[in-house]
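Encoded as structure tokens, the structure appears first; notes follow it.
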Amino acid sequence: MLGAAWYPEQWPEARWEADLALMEAAHINFVRVSEFAWSTMEPKEGDYQLDWLEHAVRLAEKHHIAVVLGTPSAAPPAWLTQRYPETMRTKEDGRKDEHGNRQQFDWSNAKYRELAGKMAAKMAERFGHDKNVIGWQIDNEYANESYGESTRTQFQDWLKAKYKTLDSLNAKWTTAYWSETYQDWSQIPIAERYGNPGLLLNWKQFVSDTWRSYQKVQLDAIRAHAEPRQIITTNMMGWFDAYDHYTVSQDLDFASWDDYVGSGQLDFVRNGATHDLTRGLLRKNFWVMETQPGFVNWHANNNALDKGEVRAMAWHAIGHGSEAVEYWQWRSALNGQEQYHGVLVGADGTPVPLYYEVKQLGAEFEKAAPVLAGTTVKSEVAVLQDYNSRWAINWQRHNRAFDPVTALVSYYGPLRALARSVDVVADTAPLSGYKLVVAPALNLLTPTAVKNLEAYVRGGGHLVLGQRSGMKDEDNSLYPQRQPGPLADMLGARVEQWYALETAIPVEGDWGAGTSTMWAEQIGVKSSETKVLARYGKSNGWLDGQPAAVTRKVGKGSITYIGAGLDEATMRNAAKWMLDESGLKPVMPEVPADVEVSVREGDGKRVVILENFGEKKTITLPQAMTDVLSGTSTSSVTLDQYGVAVLRY
Ligand code: GAL
């Protein structure tokens, strides 16, 4: 599906038809509306005005454009915050937020939830059976927490329910440290950046649970009235880590995210990982609920994507399992905070140059949709992603340059280039279907994850752990065993010491001679069955000649630990080795590195999508395929820069 974020409430009704006609001509087949329209839908408390929205939905229908309704809770109206000041969030510095932007509400506030829930219910009563309404988006980009007294009390109650006794909490957080010991639940503060690691982790988990329950109020309100065919999501933000996305997405029908490049050009490896992260939330196809029509307005330099790049980026999303691409936004509002943002139609109401590229894309989507229907990405390789681990590392990076997402992408990139499809999933996801599971920087290992990983290896799976893995338990305490903690026995090795590095140091072994940057772990081998794969060269003395990566066979499976932060070339060799060890073969290995290859399959169909992010080139296909966009059969494709091929075989 191809969509646009449309704001009819910002324009006279007489203009709507012209907009919808332009959309229809561009093959846009859905709009998302109303997610910031609270002051129009309820201008006074209890005065629900939804007729205008009904007109918009009907007019869209006339132009064969379906509607996704957004609940407007990200933008409370002025009357609401004036009458119920307690619904305003308290910022981290203790000051109250104010009306005039958005996201100024307190997500933990009961009154706010009630008012937002009522609005969602009113909308669902009116549109829950509407044939032209296909789905719902709850709120918009959950982001801001609140730090006021009532939230703090809720947090304390949440901790009480979890730990039962203060003795247990004190023991698990080692509060004897710095006299932090709590004698009463009411003494426990909120800490966001700096504080006891157990406190920090629990606050984030509370934040996540509170977003989930905030969302649940609106989900229940909609589900009480809407037909189940109307599917419900919220638009998330990729690697954004203010809350645990697995916690929040579990109640949704599908996952979606807002894909913005910001500045520069598309980094298709990292962006592809982000698509896969979103697909991994519910382990099924997802939507790109927003993306930039050329450029944004919120970066230091809001350059436009090159001609052709927007189209390539859309196909890149489809290749990773997206079902929809929606442009934010359709037309520039005359006023409001985002006047410079990219659009498809200018403030004057006529198309901008990019409109025609999107129109071409729309025609292509229309052709390819029947072929893509019923297909998804099937992966034999999984990369594990864990919010607890990312938070734990980010609070104590030890080397400021160590970014857990960059660490993840350093594995993901070369693995994806070989396997052409990789799942990014939680450490609690079912793993037995994967031949290879890689866990970069899985710092915090809960008992459930330990069981899951052990069972995977014992069942014949190949597990690779990256730097900093297995250091902490579920309370963000250090394990009383060395890394990888509870998995050290199975590995037959342990991390003797870790070192933050100032400069790259040499690493040599089965994957060639390379370097480790930022971080290096000195591994001690404890079992004769554990094999050293690489060693450090001369560096700080401690690491000289010491094991940098080890592996051990466990039945038909294996466990590997890589203590070095490998440079790109060495990582590529390591990735080849990982595939080899797990019995996987590279897919279309002859395709150059600047061409992305994705495979979707299902319903007896296999579809390959190629996008060329480099110079013009010809790619020989491993077999004859049908070019879905031209309808011809071909055994090679020539792609300009940003060229796309959609092939079926
Ligand atoms: C998104 C947001 C949209 C719009 C857009 C601009 O984060 O959901 O409402 O503000 O950014 O890039």
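Chain lettering (A, B, ...) mirrors the order of the structure tokens, residue numbering begins at 1 for each chain separately, and ligand numbering begins at 1 in order of display.
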Counting only C-alpha atoms and all ligand atoms, what are the residues, protein, DNA or RNA alike, that approach ligand 1 to within 7 Å? I want them as JSON, numbers by chain. {"A": [140, 141, 258, 260, 292, 296, 297, 298, 328, 341]}
Please extract the residues of stretch 410-576 of chain A with a backbone DSSP assignment of strand (DSSP E) and present them as a ChimeraX atom specification. /A:423-425,436-439,462-465,493-500,505-509,512-525,530-536,547-554,557-562,564-566
Compile the contact shell of A:Leu584 as a PyMOL selection string: residues with an atom at most 12 Å away, counting only C-alpha atoms, same-chain residues fewer than 6 positions apart removed. chain A and resi 379-381+415+418-420+434-436+462+575-578
Please identify all polymer residues within 9 Å of A:Met1, counting only C-alpha atoms, omitting same-chain residues fewer than 4 positions from it, and present them as a list in words. Ile28, Asn29, Phe30, Glu323, Ala324, Val325, Glu326, Gly362, Phe365, Glu366 and Ala369 of chain A
Could you check how far atom CA of A:Leu50 sits from atom CA of A:Asp253, in Å to one decimal? 25.0 Å
Which residue, A:Met88, A:Val628, A:Leu252, A:Val409, has the smallest gap to A:Pro228 when you use only C-alpha atoms? A:Leu252
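If you look at atom CA of A:Phe295 and atom CA of A:Gly614, they are 20.5 Å away from each other.
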Using only C-alpha atoms, which of A:Leu334, A:Ala429, A:Ala363, A:Met588 sits nearest A:Arg311? A:Ala363
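Restricting the calculation to only C-alpha atoms, the smallest distance between A:Arg648 and any of A:Val371, A:Leu354, A:Ala273, A:Leu543 is found for A:Val371.
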Extract, using only C-alpha atoms, all DNA, RNA and protein residues at most 10 Å from A:Gln10, discarding same-chain residues fewer than 3 positions from it, and format them as a short mmCIF file (atom, residue, chain, number, x, y, z; two decimals) with C-alpha atoms, in the first residue's frame.
```
data_model
loop_
_atom_site.label_atom_id
_atom_site.label_comp_id
_atom_site.auth_asym_id
_atom_site.auth_seq_id
_atom_site.Cartn_x
_atom_site.Cartn_y
_atom_site.Cartn_z
CA TRP A 6 -3.30 13.92 5.39
CA TYR A 7 -4.63 16.66 7.64
CA GLU A 13 -13.57 21.23 3.10
CA ALA A 37 -6.93 16.60 15.52
CA THR A 40 -11.22 19.76 16.06
CA ARG A 331 0.87 19.01 2.00
CA SER A 332 2.62 21.80 3.92
CA ALA A 333 0.36 23.37 6.51
CA LEU A 334 0.36 27.15 6.15
CA ASN A 335 1.45 27.57 9.73
#
```
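Using only C-alpha atoms, the nearest neighbour of A:Phe613 within the list A:Ser477, A:Gln467, A:Ser410, A:Gln641 is A:Gln641.
Going from atom CA of A:Thr165 over to atom CA of A:Trp211, you cover 25.3 Å.
Remark: for A:Thr448, the closest of the candidate residues A:Ile65, A:Ala534, A:Val343, A:Ala426 is A:Ala426 (distances computed over only C-alpha atoms).
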Near stretch 91-105 of chain A, within 8 Å and counting only C-alpha atoms, which residues show up once chain neighbours fewer than 2 positions away are dropped, as a PyMOL selection string? chain A and resi 74-78+81+87-89+107+112+143-148
Kindly save the residues from that selection, with all heavy atoms included, as a short mmCIF file (atom, residue, chain, number, x, y, z; two decimals), in the first residue's frame.
```cif
data_model
loop_
_atom_site.label_atom_id
_atom_site.label_comp_id
_atom_site.auth_asym_id
_atom_site.auth_seq_id
_atom_site.Cartn_x
_atom_site.Cartn_y
_atom_site.Cartn_z
N ALA A 74 -1.67 12.32 21.30
CA ALA A 74 -0.33 12.94 21.37
C ALA A 74 -0.43 14.46 21.41
O ALA A 74 0.57 15.14 21.65
CB ALA A 74 0.52 12.50 20.18
N ALA A 75 -1.65 14.99 21.18
CA ALA A 75 -1.79 16.45 21.14
C ALA A 75 -3.05 16.89 21.88
O ALA A 75 -4.07 17.20 21.26
CB ALA A 75 -1.81 16.92 19.68
N PRO A 76 -3.00 16.93 23.21
CA PRO A 76 -4.18 17.33 23.98
C PRO A 76 -4.57 18.78 23.70
O PRO A 76 -3.70 19.64 23.53
CB PRO A 76 -3.76 17.16 25.44
CG PRO A 76 -2.27 17.10 25.44
CD PRO A 76 -1.88 16.55 24.10
N PRO A 77 -5.88 19.05 23.64
CA PRO A 77 -6.32 20.42 23.39
C PRO A 77 -6.12 21.32 24.61
O PRO A 77 -6.01 20.83 25.74
CB PRO A 77 -7.81 20.25 23.09
CG PRO A 77 -8.21 18.98 23.75
CD PRO A 77 -7.00 18.10 23.78
N ALA A 78 -6.13 22.62 24.36
CA ALA A 78 -5.84 23.59 25.43
C ALA A 78 -6.86 23.52 26.56
O ALA A 78 -6.49 23.62 27.74
CB ALA A 78 -5.78 24.99 24.83
N THR A 81 -5.88 20.70 29.08
CA THR A 81 -4.75 20.92 30.00
C THR A 81 -5.05 22.07 30.96
O THR A 81 -4.54 22.10 32.07
CB THR A 81 -3.47 21.20 29.20
OG1 THR A 81 -3.76 22.05 28.12
CG2 THR A 81 -2.90 19.94 28.65
N THR A 87 -2.98 16.55 34.26
CA THR A 87 -2.70 15.66 33.13
C THR A 87 -1.42 16.06 32.39
O THR A 87 -0.97 15.35 31.49
CB THR A 87 -3.86 15.65 32.10
OG1 THR A 87 -3.96 16.97 31.55
CG2 THR A 87 -5.17 15.27 32.75
N MET A 88 -0.87 17.21 32.75
CA MET A 88 0.37 17.67 32.11
C MET A 88 1.56 16.95 32.71
O MET A 88 1.64 16.75 33.93
CB MET A 88 0.56 19.16 32.38
CG MET A 88 -0.48 20.00 31.73
SD MET A 88 -0.14 20.11 30.00
CE MET A 88 0.57 21.72 29.98
N ARG A 89 2.51 16.63 31.90
CA ARG A 89 3.66 15.89 32.43
C ARG A 89 4.61 16.81 33.19
O ARG A 89 4.69 18.02 32.91
CB ARG A 89 4.39 15.16 31.32
CG ARG A 89 5.28 16.01 30.48
CD ARG A 89 5.87 15.18 29.36
NE ARG A 89 6.97 15.94 28.75
CZ ARG A 89 8.24 15.72 29.01
NH1 ARG A 89 8.61 14.77 29.84
NH2 ARG A 89 9.17 16.46 28.44
N TRP A 107 1.71 10.32 30.76
CA TRP A 107 1.21 8.99 30.34
C TRP A 107 0.76 8.12 31.50
O TRP A 107 0.08 7.11 31.30
CB TRP A 107 2.26 8.33 29.46
CG TRP A 107 3.31 7.43 30.07
CD1 TRP A 107 3.64 6.17 29.60
CD2 TRP A 107 4.20 7.65 31.18
NE1 TRP A 107 4.67 5.64 30.35
CE2 TRP A 107 5.02 6.52 31.32
CE3 TRP A 107 4.38 8.72 32.07
CZ2 TRP A 107 6.00 6.40 32.32
CZ3 TRP A 107 5.35 8.61 33.06
CH2 TRP A 107 6.14 7.48 33.17
N TYR A 112 -5.99 11.63 32.33
CA TYR A 112 -5.62 11.74 30.92
C TYR A 112 -6.00 10.47 30.16
O TYR A 112 -6.54 10.51 29.05
CB TYR A 112 -4.14 12.05 30.74
CG TYR A 112 -3.87 12.48 29.30
CD1 TYR A 112 -4.32 13.71 28.85
CD2 TYR A 112 -3.25 11.62 28.39
CE1 TYR A 112 -4.17 14.09 27.52
CE2 TYR A 112 -3.09 11.98 27.07
CZ TYR A 112 -3.54 13.22 26.64
OH TYR A 112 -3.39 13.59 25.34
N ALA A 143 6.92 8.85 23.54
CA ALA A 143 8.29 9.29 23.80
C ALA A 143 8.50 9.82 25.22
O ALA A 143 9.41 9.38 25.91
CB ALA A 143 8.71 10.35 22.79
N ASN A 144 7.64 10.76 25.65
CA ASN A 144 7.96 11.49 26.88
C ASN A 144 7.37 10.85 28.13
O ASN A 144 6.18 10.59 28.20
CB ASN A 144 7.43 12.92 26.78
CG ASN A 144 8.19 13.72 25.75
OD1 ASN A 144 9.27 13.34 25.33
ND2 ASN A 144 7.62 14.84 25.34
N GLU A 145 8.23 10.69 29.12
CA GLU A 145 7.73 10.23 30.41
C GLU A 145 7.42 11.44 31.27
O GLU A 145 7.70 12.57 30.90
CB GLU A 145 8.78 9.38 31.14
CG GLU A 145 9.25 8.17 30.39
CD GLU A 145 10.49 8.43 29.57
OE1 GLU A 145 11.35 9.22 30.02
OE2 GLU A 145 10.60 7.86 28.48
N SER A 146 6.92 11.15 32.46
CA SER A 146 6.67 12.21 33.42
C SER A 146 7.36 11.81 34.72
O SER A 146 7.50 10.63 35.01
CB SER A 146 5.17 12.35 33.62
OG SER A 146 4.90 13.42 34.50
N TYR A 147 7.81 12.82 35.47
CA TYR A 147 8.64 12.53 36.64
C TYR A 147 8.05 13.11 37.93
O TYR A 147 8.75 13.38 38.88
CB TYR A 147 10.05 13.09 36.42
CG TYR A 147 10.71 12.55 35.17
CD1 TYR A 147 10.49 13.14 33.93
CD2 TYR A 147 11.51 11.42 35.23
CE1 TYR A 147 11.06 12.64 32.78
CE2 TYR A 147 12.09 10.91 34.08
CZ TYR A 147 11.86 11.52 32.86
OH TYR A 147 12.43 11.01 31.73
N GLY A 148 6.73 13.31 37.92
CA GLY A 148 6.09 13.94 39.08
C GLY A 148 5.88 12.98 40.23
O GLY A 148 6.16 11.77 40.14
#
```
List every residue of stretch 294-392 of chain A that DSSP, applied to the backbone of this structure, places in helix (DSSP H, G or I), and write the result as a PyMOL selection string. chain A and resi 309-319+354-372+387-392
